[in-house]
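Right, one structure below, let's go through it.
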Amino acid sequence: MDKQQQTEIEAATFRRLLKHLDENKDVQNIDLMILADFCRNCLGKWYKAAASENGIEIDYEAARERIYGMPYTEWKSKYQAKATPEQMAAYDARQAQKGGCS
């Protein structure tokens with residue numbers, strides 16, 4: 001596999017990840033952070049950083065809109081549930097163990 005093919009496969013994989021997250025809005029960011037130490041907001045930060053590394057400046061809100069498929073505030077009001085005490089305890093334990101989202 002050459003570099004171009006690798007890039008195309010990685011891009012398709014990323015698009016598939018975004019589609020999967022979009023189709024599973026019931027998976028809350030806090031659940032992702034507890035289990036995988038990243039969330040949709042982390043993806044937005046990584047997207048913004050990758051754009052910047054390639055000489056393209058986008059703001060964080062635009063990057064998050066790309067990840068969420070809509071403005072973050074809209075997604076949050078439609079789909080984000082309040083974290084339960086159990087989720088917060090698990091998140092706090094994860095933070096103490098790993099240090100949280102990067």
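Identifiers in this document derive from the order of the structure tokens: chains are assigned A, B, ..., residues are numbered from 1 separately in each chain, and ligands are numbered from 1 in order of occurrence.
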Hey, what's within 12 Å of Asp26 (chain A) if we count only C-alpha atoms and toss same-chain stuff fewer than 6 positions away? As a PDB file with N, CA, C and O atoms, in the first residue's frame, please?
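Output file around.pdb follows:
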ATOM      1  N   HIS A  20     -20.775   6.321  12.477  1.00  0.00           N
ATOM      2  CA  HIS A  20     -21.145   5.422  13.571  1.00  0.00           C
ATOM      3  C   HIS A  20     -21.552   6.222  14.815  1.00  0.00           C
ATOM      4  O   HIS A  20     -22.573   5.925  15.441  1.00  0.00           O
ATOM      5  N   LEU A  32     -17.995   7.663  26.525  1.00  0.00           N
ATOM      6  CA  LEU A  32     -16.770   7.530  25.730  1.00  0.00           C
ATOM      7  C   LEU A  32     -15.543   7.884  26.559  1.00  0.00           C
ATOM      8  O   LEU A  32     -14.517   7.202  26.502  1.00  0.00           O
ATOM      9  N   TRP A  75     -26.582  19.963  19.113  1.00  0.00           N
ATOM     10  CA  TRP A  75     -26.440  18.548  19.461  1.00  0.00           C
ATOM     11  C   TRP A  75     -26.636  18.358  20.956  1.00  0.00           C
ATOM     12  O   TRP A  75     -27.364  17.452  21.395  1.00  0.00           O
ATOM     13  N   LYS A  76     -26.006  19.228  21.741  1.00  0.00           N
ATOM     14  CA  LYS A  76     -26.085  19.118  23.196  1.00  0.00           C
ATOM     15  C   LYS A  76     -27.533  19.233  23.672  1.00  0.00           C
ATOM     16  O   LYS A  76     -27.983  18.446  24.506  1.00  0.00           O
ATOM     17  N   LYS A  78     -30.252  18.595  22.007  1.00  0.00           N
ATOM     18  CA  LYS A  78     -31.089  17.506  21.491  1.00  0.00           C
ATOM     19  C   LYS A  78     -30.735  16.140  22.076  1.00  0.00           C
ATOM     20  O   LYS A  78     -31.619  15.302  22.272  1.00  0.00           O
ATOM     21  N   TYR A  79     -29.444  15.897  22.303  1.00  0.00           N
ATOM     22  CA  TYR A  79     -29.006  14.530  22.560  1.00  0.00           C
ATOM     23  C   TYR A  79     -28.232  14.303  23.864  1.00  0.00           C
ATOM     24  O   TYR A  79     -28.131  13.167  24.297  1.00  0.00           O
ATOM     25  N   GLN A  80     -27.667  15.327  24.433  1.00  0.00           N
ATOM     26  CA  GLN A  80     -26.821  15.102  25.609  1.00  0.00           C
ATOM     27  C   GLN A  80     -27.669  15.045  26.873  1.00  0.00           C
ATOM     28  O   GLN A  80     -28.392  15.977  27.190  1.00  0.00           O
ATOM     29  N   ALA A  81     -27.554  13.943  27.579  1.00  0.00           N
ATOM     30  CA  ALA A  81     -28.252  13.772  28.849  1.00  0.00           C
ATOM     31  C   ALA A  81     -27.342  14.229  29.991  1.00  0.00           C
ATOM     32  O   ALA A  81     -26.117  14.251  29.853  1.00  0.00           O
TER      33      ALA A  81
END
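Minimum distance to Tyr68 (chain A) across A:Ala51, A:Leu21, A:Leu35, A:Met1 (counting only C-alpha atoms) occurs at A:Leu21.
Taking only C-alpha atoms, the non-local environment of region 7-19 of chain A within 12 Å (same-chain residues fewer than 5 positions away omitted) comprises A:Met1, A:Asp2, A:Asn24, A:Lys25, A:Cys39, A:Arg40, A:Leu43, A:Gly44, A:Trp46, A:Tyr47, A:Arg64, A:Glu65, A:Arg66, A:Ile67, A:Tyr68, A:Gly69.
By only C-alpha atoms, and with residues fewer than 6 positions from Thr84 (chain A) along its chain excluded, the set lying at most 12 Å from it is Gln28, Ile30, Asp31, Ala90 and Tyr91 of chain A.
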Export of prior selection with all heavy atoms as a short mmCIF file (atom, residue, chain, number, x, y, z; two decimals), in the first residue's frame:
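Final output, result_39.cif:
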data_model
loop_
_atom_site.label_atom_id
_atom_site.label_comp_id
_atom_site.auth_asym_id
_atom_site.auth_seq_id
_atom_site.Cartn_x
_atom_site.Cartn_y
_atom_site.Cartn_z
N GLN A 28 -23.23 8.60 25.10
CA GLN A 28 -22.90 9.92 25.61
C GLN A 28 -21.39 10.14 25.63
O GLN A 28 -20.60 9.19 25.76
CB GLN A 28 -23.48 10.09 27.02
CG GLN A 28 -24.99 10.04 27.07
CD GLN A 28 -25.61 11.24 26.39
OE1 GLN A 28 -25.41 12.38 26.80
NE2 GLN A 28 -26.38 10.99 25.34
N ILE A 30 -19.67 11.32 27.98
CA ILE A 30 -19.09 10.87 29.25
C ILE A 30 -18.82 9.37 29.21
O ILE A 30 -17.82 8.90 29.75
CB ILE A 30 -19.94 11.28 30.47
CG1 ILE A 30 -19.12 11.06 31.73
CG2 ILE A 30 -21.27 10.55 30.51
CD1 ILE A 30 -19.44 11.96 32.86
N ASP A 31 -19.68 8.62 28.54
CA ASP A 31 -19.44 7.18 28.40
C ASP A 31 -18.17 6.92 27.60
O ASP A 31 -17.36 6.06 27.96
CB ASP A 31 -20.63 6.50 27.72
CG ASP A 31 -21.90 6.57 28.54
OD1 ASP A 31 -21.82 6.45 29.78
OD2 ASP A 31 -22.98 6.75 27.94
N ALA A 90 -17.39 7.30 37.90
CA ALA A 90 -16.52 6.54 36.99
C ALA A 90 -15.59 7.47 36.23
O ALA A 90 -14.41 7.16 36.04
CB ALA A 90 -17.37 5.70 36.02
N TYR A 91 -16.10 8.62 35.81
CA TYR A 91 -15.29 9.60 35.11
C TYR A 91 -14.18 10.12 36.04
O TYR A 91 -13.02 10.21 35.63
CB TYR A 91 -16.16 10.75 34.62
CG TYR A 91 -15.36 11.90 34.05
CD1 TYR A 91 -14.77 11.80 32.80
CD2 TYR A 91 -15.17 13.08 34.77
CE1 TYR A 91 -14.03 12.84 32.27
CE2 TYR A 91 -14.43 14.12 34.26
CZ TYR A 91 -13.87 14.00 33.01
OH TYR A 91 -13.12 15.03 32.50
#
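The space separating CA of Ala50 (chain A) from CA of Gln4 (chain A) comes to 16.9 Å.
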Distance of CA of Phe38 (chain A) from CA of Lys98 (chain A), expressed in Å to one decimal place: 11.1 Å
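For the choices A:Tyr60, A:Met33, A:Lys45, A:Ser77, the atom-to-atom distance to Ala93 (chain A) is smallest for A:Met33 when using only C-alpha atoms.
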Per-residue DSSP, chain A, filtered to alpha helix (DSSP H), as number ranges by chain: A: 3-23, 29-36, 40-53, 60-68, 72-79, 85-98
